[in-house]
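**Student:** Sharing query13.cif (mmCIF, N, CA and C atoms) below.
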data_final
#
loop_
_atom_site.label_atom_id
_atom_site.label_comp_id
_atom_site.auth_asym_id
_atom_site.auth_seq_id
_atom_site.Cartn_x
_atom_site.Cartn_y
_atom_site.Cartn_z
N MET A 1 -19.85 -2.26 -1.45
CA MET A 1 -18.79 -1.75 -0.61
C MET A 1 -17.59 -2.71 -0.69
N ASN A 2 -16.41 -2.15 -0.84
CA ASN A 2 -15.19 -2.95 -0.92
C ASN A 2 -14.59 -3.07 0.48
N GLN A 3 -14.60 -4.28 1.02
CA GLN A 3 -14.13 -4.50 2.39
C GLN A 3 -12.64 -4.17 2.55
N GLN A 4 -11.84 -4.44 1.52
CA GLN A 4 -10.40 -4.15 1.60
C GLN A 4 -10.17 -2.64 1.73
N ILE A 5 -10.87 -1.85 0.93
CA ILE A 5 -10.75 -0.40 1.02
C ILE A 5 -11.24 0.08 2.39
N GLU A 6 -12.38 -0.42 2.83
CA GLU A 6 -12.90 -0.03 4.13
C GLU A 6 -11.89 -0.33 5.24
N ASN A 7 -11.28 -1.51 5.18
CA ASN A 7 -10.31 -1.90 6.21
C ASN A 7 -9.04 -1.06 6.14
N ASN A 8 -8.53 -0.84 4.93
CA ASN A 8 -7.27 -0.12 4.77
C ASN A 8 -7.35 1.35 5.13
N PHE A 9 -8.54 1.92 5.05
CA PHE A 9 -8.69 3.34 5.31
C PHE A 9 -9.53 3.61 6.56
N SER A 10 -9.43 2.73 7.52
CA SER A 10 -10.12 2.88 8.80
C SER A 10 -9.10 2.91 9.93
N TYR A 11 -9.48 3.53 11.01
CA TYR A 11 -8.65 3.52 12.22
C TYR A 11 -8.77 2.16 12.87
N HIS A 12 -7.64 1.63 13.29
CA HIS A 12 -7.61 0.34 13.96
C HIS A 12 -7.07 0.54 15.37
N ALA A 13 -7.98 0.62 16.33
CA ALA A 13 -7.55 0.77 17.72
C ALA A 13 -6.74 -0.45 18.13
N PRO A 14 -5.66 -0.25 18.88
CA PRO A 14 -4.85 -1.39 19.30
C PRO A 14 -5.66 -2.39 20.13
N GLN A 15 -5.49 -3.64 19.79
CA GLN A 15 -6.10 -4.73 20.54
C GLN A 15 -5.12 -5.18 21.63
N PRO A 16 -5.58 -5.88 22.64
CA PRO A 16 -4.66 -6.36 23.67
C PRO A 16 -3.51 -7.16 23.05
N GLY A 17 -2.31 -6.82 23.46
CA GLY A 17 -1.12 -7.50 22.98
C GLY A 17 -0.47 -6.86 21.77
N GLN A 18 -1.21 -6.08 21.01
CA GLN A 18 -0.64 -5.48 19.81
C GLN A 18 0.43 -4.43 20.10
N PRO A 19 0.27 -3.54 21.08
CA PRO A 19 1.35 -2.57 21.33
C PRO A 19 2.70 -3.25 21.61
N GLU A 20 2.67 -4.38 22.27
CA GLU A 20 3.91 -5.10 22.55
C GLU A 20 4.52 -5.65 21.26
N ILE A 21 3.68 -6.08 20.35
CA ILE A 21 4.17 -6.56 19.05
C ILE A 21 4.80 -5.41 18.27
N TYR A 22 4.12 -4.26 18.25
CA TYR A 22 4.66 -3.09 17.56
C TYR A 22 6.03 -2.72 18.11
N GLN A 23 6.14 -2.74 19.43
CA GLN A 23 7.41 -2.38 20.08
C GLN A 23 8.51 -3.37 19.70
N GLU A 24 8.20 -4.65 19.69
CA GLU A 24 9.19 -5.67 19.34
C GLU A 24 9.68 -5.49 17.90
N ILE A 25 8.76 -5.20 17.00
CA ILE A 25 9.13 -4.96 15.61
C ILE A 25 10.04 -3.74 15.52
N ARG A 26 9.67 -2.66 16.21
CA ARG A 26 10.49 -1.44 16.18
C ARG A 26 11.88 -1.68 16.77
N GLU A 27 11.97 -2.43 17.85
CA GLU A 27 13.26 -2.69 18.48
C GLU A 27 14.19 -3.47 17.56
N LYS A 28 13.67 -4.50 16.90
CA LYS A 28 14.49 -5.29 15.98
C LYS A 28 14.93 -4.44 14.79
N ALA A 29 14.03 -3.60 14.28
CA ALA A 29 14.39 -2.73 13.17
C ALA A 29 15.45 -1.72 13.61
N LYS A 30 15.34 -1.23 14.84
CA LYS A 30 16.33 -0.28 15.35
C LYS A 30 17.71 -0.93 15.42
N GLU A 31 17.76 -2.20 15.83
CA GLU A 31 19.04 -2.92 15.85
C GLU A 31 19.65 -2.94 14.45
N LEU A 32 18.84 -3.27 13.45
CA LEU A 32 19.33 -3.31 12.08
C LEU A 32 19.73 -1.91 11.61
N ALA A 33 18.96 -0.90 11.98
CA ALA A 33 19.30 0.47 11.58
C ALA A 33 20.67 0.87 12.12
N TYR A 34 20.96 0.52 13.37
CA TYR A 34 22.28 0.84 13.92
C TYR A 34 23.38 0.06 13.21
N LEU A 35 23.12 -1.18 12.85
CA LEU A 35 24.10 -1.97 12.12
C LEU A 35 24.39 -1.33 10.76
N ILE A 36 23.34 -0.97 10.05
CA ILE A 36 23.51 -0.30 8.76
C ILE A 36 24.27 1.00 8.93
N ASP A 37 23.90 1.77 9.95
CA ASP A 37 24.55 3.06 10.19
C ASP A 37 26.04 2.88 10.47
N ASP A 38 26.37 1.84 11.21
CA ASP A 38 27.78 1.59 11.56
C ASP A 38 28.59 1.06 10.39
N LEU A 39 28.00 0.21 9.56
CA LEU A 39 28.78 -0.51 8.55
C LEU A 39 28.71 0.08 7.15
N ALA A 40 27.63 0.71 6.80
CA ALA A 40 27.48 1.22 5.44
C ALA A 40 28.00 2.65 5.35
N PRO A 41 28.75 2.94 4.28
CA PRO A 41 29.22 4.32 4.11
C PRO A 41 28.04 5.25 3.81
N ASN A 42 28.19 6.49 4.24
CA ASN A 42 27.15 7.48 3.96
C ASN A 42 27.00 7.60 2.45
N SER A 43 25.79 7.38 2.00
CA SER A 43 25.53 7.38 0.56
C SER A 43 24.04 7.39 0.32
N ARG A 44 23.69 7.58 -0.92
CA ARG A 44 22.28 7.49 -1.32
C ARG A 44 21.74 6.11 -0.99
N GLU A 45 22.55 5.07 -1.23
CA GLU A 45 22.11 3.71 -0.97
C GLU A 45 21.83 3.48 0.51
N LYS A 46 22.67 4.05 1.37
CA LYS A 46 22.43 3.93 2.81
C LYS A 46 21.13 4.63 3.19
N SER A 47 20.92 5.80 2.63
CA SER A 47 19.68 6.53 2.91
C SER A 47 18.47 5.74 2.47
N LEU A 48 18.57 5.11 1.30
CA LEU A 48 17.46 4.28 0.82
C LEU A 48 17.25 3.07 1.71
N ALA A 49 18.33 2.48 2.18
CA ALA A 49 18.20 1.33 3.09
C ALA A 49 17.45 1.75 4.35
N MET A 50 17.79 2.90 4.90
CA MET A 50 17.12 3.37 6.12
C MET A 50 15.65 3.69 5.84
N THR A 51 15.38 4.33 4.72
CA THR A 51 13.99 4.66 4.36
C THR A 51 13.18 3.39 4.20
N ASN A 52 13.75 2.41 3.51
CA ASN A 52 13.02 1.17 3.29
C ASN A 52 12.85 0.37 4.57
N LEU A 53 13.79 0.48 5.50
CA LEU A 53 13.62 -0.16 6.79
C LEU A 53 12.46 0.48 7.55
N GLU A 54 12.37 1.80 7.50
CA GLU A 54 11.23 2.49 8.12
C GLU A 54 9.92 2.02 7.49
N GLN A 55 9.91 1.89 6.18
CA GLN A 55 8.71 1.41 5.50
C GLN A 55 8.37 -0.02 5.91
N ALA A 56 9.38 -0.84 6.07
CA ALA A 56 9.14 -2.23 6.49
C ALA A 56 8.49 -2.27 7.85
N VAL A 57 8.95 -1.42 8.77
CA VAL A 57 8.34 -1.36 10.10
C VAL A 57 6.89 -0.90 9.99
N PHE A 58 6.67 0.13 9.19
CA PHE A 58 5.31 0.63 9.01
C PHE A 58 4.38 -0.47 8.51
N TRP A 59 4.80 -1.16 7.45
CA TRP A 59 3.93 -2.19 6.86
C TRP A 59 3.78 -3.40 7.77
N ALA A 60 4.81 -3.76 8.49
CA ALA A 60 4.69 -4.88 9.44
C ALA A 60 3.67 -4.53 10.52
N ASN A 61 3.75 -3.30 11.03
CA ASN A 61 2.79 -2.88 12.05
C ASN A 61 1.38 -2.77 11.46
N ALA A 62 1.29 -2.32 10.21
CA ALA A 62 -0.03 -2.27 9.57
C ALA A 62 -0.61 -3.66 9.42
N ALA A 63 0.23 -4.63 9.11
CA ALA A 63 -0.26 -6.01 9.00
C ALA A 63 -0.85 -6.48 10.31
N VAL A 64 -0.21 -6.14 11.40
CA VAL A 64 -0.73 -6.52 12.72
C VAL A 64 -2.05 -5.78 13.00
N ALA A 65 -2.07 -4.49 12.72
CA ALA A 65 -3.25 -3.68 13.02
C ALA A 65 -4.46 -4.06 12.17
N ARG A 66 -4.23 -4.32 10.89
CA ARG A 66 -5.33 -4.54 9.96
C ARG A 66 -5.88 -5.97 9.98
N ASN A 67 -5.06 -6.88 10.48
CA ASN A 67 -5.48 -8.27 10.43
C ASN A 67 -5.61 -8.83 11.81
#
Now that the file is in, can you turn its structure into structure tokens?
**Tutor:**
Amino acid sequence: MNQQIENNFSYHAPQPGQPEIYQEIREKAKELAYLIDDLAPNSREKSLAMTNLEQAVFWANAAVARN
């Protein structure tokens, strides 16, 4: 059995303190999203920046949940 696969494809119930960490990560990313929205012209590059910011939040929260 591969422990990495088992861990990556399992549900991870929030542990005490984790929801607050998730919220803090989302809030900081939201600040950056508004900055990008205000300063960057509407473009494919702006859309990619927003998509990648969403991915960064996802992976940061996954790091907290999985580890």
**Student:** Work out how far apart atom CA of A:His12 and atom N of A:Gln55 are and give it in Å to one decimal.
**Tutor:** 19.2 Å
**Student:** One number please: atom CA of A:Asn7 to atom CA of A:Arg66, in Å, one decimal.
**Tutor:** 6.8 Å
**Student:** Could you jot down the atom CA of A:Gln4 to atom N of A:Gln23 separation for me, Å, one decimal place?
**Tutor:**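 Atom CA of A:Gln4 sits 24.4 Å away from atom N of A:Gln23.
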**Student:** Between A:Val64, A:Leu53, A:Leu48, A:Ala13, which one has atoms that come closest to A:Leu32, using only C-alpha atoms?
**Tutor:**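 Counting only C-alpha atoms, the residue closest to A:Leu32 is A:Leu53.
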**Student:** Could you check the closest approach to A:Ile25 for each of A:Val57, A:Ala49, A:Ile5, A:Ala40 and tell me which residue wins, using only N, CA and C atoms?
**Tutor:** A:Val57
**Student:** Restricting the calculation to all atoms listed in the file, which member of A:Gln15, A:Ala29, A:Tyr22, A:Met1 is positioned closest to A:Asn61?
**Tutor:** A:Tyr22
**Student:** In chain A, what's helix (DSSP H, G or I) per DSSP? Answer as a PyMOL selection string?
**Tutor:** chain A and resi 3-8+18-39+44-66
**Student:** Could the residues in this selection be saved with N, CA and C atoms as a compact mmCIF listing (two decimals), in the frame of the given file?
**Tutor:**
# COMPACT_ATOMS: atom_id res chain seq x y z
N GLN A 3 -14.60 -4.28 1.02
CA GLN A 3 -14.13 -4.50 2.39
C GLN A 3 -12.64 -4.17 2.55
N GLN A 4 -11.84 -4.44 1.52
CA GLN A 4 -10.40 -4.15 1.60
C GLN A 4 -10.17 -2.64 1.73
N ILE A 5 -10.87 -1.85 0.93
CA ILE A 5 -10.75 -0.40 1.02
C ILE A 5 -11.24 0.08 2.39
N GLU A 6 -12.38 -0.42 2.83
CA GLU A 6 -12.90 -0.03 4.13
C GLU A 6 -11.89 -0.33 5.24
N ASN A 7 -11.28 -1.51 5.18
CA ASN A 7 -10.31 -1.90 6.21
C ASN A 7 -9.04 -1.06 6.14
N ASN A 8 -8.53 -0.84 4.93
CA ASN A 8 -7.27 -0.12 4.77
C ASN A 8 -7.35 1.35 5.13
N GLN A 18 -1.21 -6.08 21.01
CA GLN A 18 -0.64 -5.48 19.81
C GLN A 18 0.43 -4.43 20.10
N PRO A 19 0.27 -3.54 21.08
CA PRO A 19 1.35 -2.57 21.33
C PRO A 19 2.70 -3.25 21.61
N GLU A 20 2.67 -4.38 22.27
CA GLU A 20 3.91 -5.10 22.55
C GLU A 20 4.52 -5.65 21.26
N ILE A 21 3.68 -6.08 20.35
CA ILE A 21 4.17 -6.56 19.05
C ILE A 21 4.80 -5.41 18.27
N TYR A 22 4.12 -4.26 18.25
CA TYR A 22 4.66 -3.09 17.56
C TYR A 22 6.03 -2.72 18.11
N GLN A 23 6.14 -2.74 19.43
CA GLN A 23 7.41 -2.38 20.08
C GLN A 23 8.51 -3.37 19.70
N GLU A 24 8.20 -4.65 19.69
CA GLU A 24 9.19 -5.67 19.34
C GLU A 24 9.68 -5.49 17.90
N ILE A 25 8.76 -5.20 17.00
CA ILE A 25 9.13 -4.96 15.61
C ILE A 25 10.04 -3.74 15.52
N ARG A 26 9.67 -2.66 16.21
CA ARG A 26 10.49 -1.44 16.18
C ARG A 26 11.88 -1.68 16.77
N GLU A 27 11.97 -2.43 17.85
CA GLU A 27 13.26 -2.69 18.48
C GLU A 27 14.19 -3.47 17.56
N LYS A 28 13.67 -4.50 16.90
CA LYS A 28 14.49 -5.29 15.98
C LYS A 28 14.93 -4.44 14.79
N ALA A 29 14.03 -3.60 14.28
CA ALA A 29 14.39 -2.73 13.17
C ALA A 29 15.45 -1.72 13.61
N LYS A 30 15.34 -1.23 14.84
CA LYS A 30 16.33 -0.28 15.35
C LYS A 30 17.71 -0.93 15.42
N GLU A 31 17.76 -2.20 15.83
CA GLU A 31 19.04 -2.92 15.85
C GLU A 31 19.65 -2.94 14.45
N LEU A 32 18.84 -3.27 13.45
CA LEU A 32 19.33 -3.31 12.08
C LEU A 32 19.73 -1.91 11.61
N ALA A 33 18.96 -0.90 11.98
CA ALA A 33 19.30 0.47 11.58
C ALA A 33 20.67 0.87 12.12
N TYR A 34 20.96 0.52 13.37
CA TYR A 34 22.28 0.84 13.92
C TYR A 34 23.38 0.06 13.21
N LEU A 35 23.12 -1.18 12.85
CA LEU A 35 24.10 -1.97 12.12
C LEU A 35 24.39 -1.33 10.76
N ILE A 36 23.34 -0.97 10.05
CA ILE A 36 23.51 -0.30 8.76
C ILE A 36 24.27 1.00 8.93
N ASP A 37 23.90 1.77 9.95
CA ASP A 37 24.55 3.06 10.19
C ASP A 37 26.04 2.88 10.47
N ASP A 38 26.37 1.84 11.21
CA ASP A 38 27.78 1.59 11.56
C ASP A 38 28.59 1.06 10.39
N LEU A 39 28.00 0.21 9.56
CA LEU A 39 28.78 -0.51 8.55
C LEU A 39 28.71 0.08 7.15
N ARG A 44 23.69 7.58 -0.92
CA ARG A 44 22.28 7.49 -1.32
C ARG A 44 21.74 6.11 -0.99
N GLU A 45 22.55 5.07 -1.23
CA GLU A 45 22.11 3.71 -0.97
C GLU A 45 21.83 3.48 0.51
N LYS A 46 22.67 4.05 1.37
CA LYS A 46 22.43 3.93 2.81
C LYS A 46 21.13 4.63 3.19
N SER A 47 20.92 5.80 2.63
CA SER A 47 19.68 6.53 2.91
C SER A 47 18.47 5.74 2.47
N LEU A 48 18.57 5.11 1.30
CA LEU A 48 17.46 4.28 0.82
C LEU A 48 17.25 3.07 1.71
N ALA A 49 18.33 2.48 2.18
CA ALA A 49 18.20 1.33 3.09
C ALA A 49 17.45 1.75 4.35
N MET A 50 17.79 2.90 4.90
CA MET A 50 17.12 3.37 6.12
C MET A 50 15.65 3.69 5.84
N THR A 51 15.38 4.33 4.72
CA THR A 51 13.99 4.66 4.36
C THR A 51 13.18 3.39 4.20
N ASN A 52 13.75 2.41 3.51
CA ASN A 52 13.02 1.17 3.29
C ASN A 52 12.85 0.37 4.57
N LEU A 53 13.79 0.48 5.50
CA LEU A 53 13.62 -0.16 6.79
C LEU A 53 12.46 0.48 7.55
N GLU A 54 12.37 1.80 7.50
CA GLU A 54 11.23 2.49 8.12
C GLU A 54 9.92 2.02 7.49
N GLN A 55 9.91 1.89 6.18
CA GLN A 55 8.71 1.41 5.50
C GLN A 55 8.37 -0.02 5.91
N ALA A 56 9.38 -0.84 6.07
CA ALA A 56 9.14 -2.23 6.49
C ALA A 56 8.49 -2.27 7.85
N VAL A 57 8.95 -1.42 8.77
CA VAL A 57 8.34 -1.36 10.10
C VAL A 57 6.89 -0.90 9.99
N PHE A 58 6.67 0.13 9.19
CA PHE A 58 5.31 0.63 9.01
C PHE A 58 4.38 -0.47 8.51
N TRP A 59 4.80 -1.16 7.45
CA TRP A 59 3.93 -2.19 6.86
C TRP A 59 3.78 -3.40 7.77
N ALA A 60 4.81 -3.76 8.49
CA ALA A 60 4.69 -4.88 9.44
C ALA A 60 3.67 -4.53 10.52
N ASN A 61 3.75 -3.30 11.03
CA ASN A 61 2.79 -2.88 12.05
C ASN A 61 1.38 -2.77 11.46
N ALA A 62 1.29 -2.32 10.21
CA ALA A 62 -0.03 -2.27 9.57
C ALA A 62 -0.61 -3.66 9.42
N ALA A 63 0.23 -4.63 9.11
CA ALA A 63 -0.26 -6.01 9.00
C ALA A 63 -0.85 -6.48 10.31
N VAL A 64 -0.21 -6.14 11.40
CA VAL A 64 -0.73 -6.52 12.72
C VAL A 64 -2.05 -5.78 13.00
N ALA A 65 -2.07 -4.49 12.72
CA ALA A 65 -3.25 -3.68 13.02
C ALA A 65 -4.46 -4.06 12.17
N ARG A 66 -4.23 -4.32 10.89
CA ARG A 66 -5.33 -4.54 9.96
C ARG A 66 -5.88 -5.97 9.98
**Student:** Please determine, counting only C-alpha atoms, which residue among A:Asn67, A:Glu27, A:Asn2, A:Asn8 has the shortest atom-to-atom distance to A:Glu54.
**Tutor:** A:Glu27
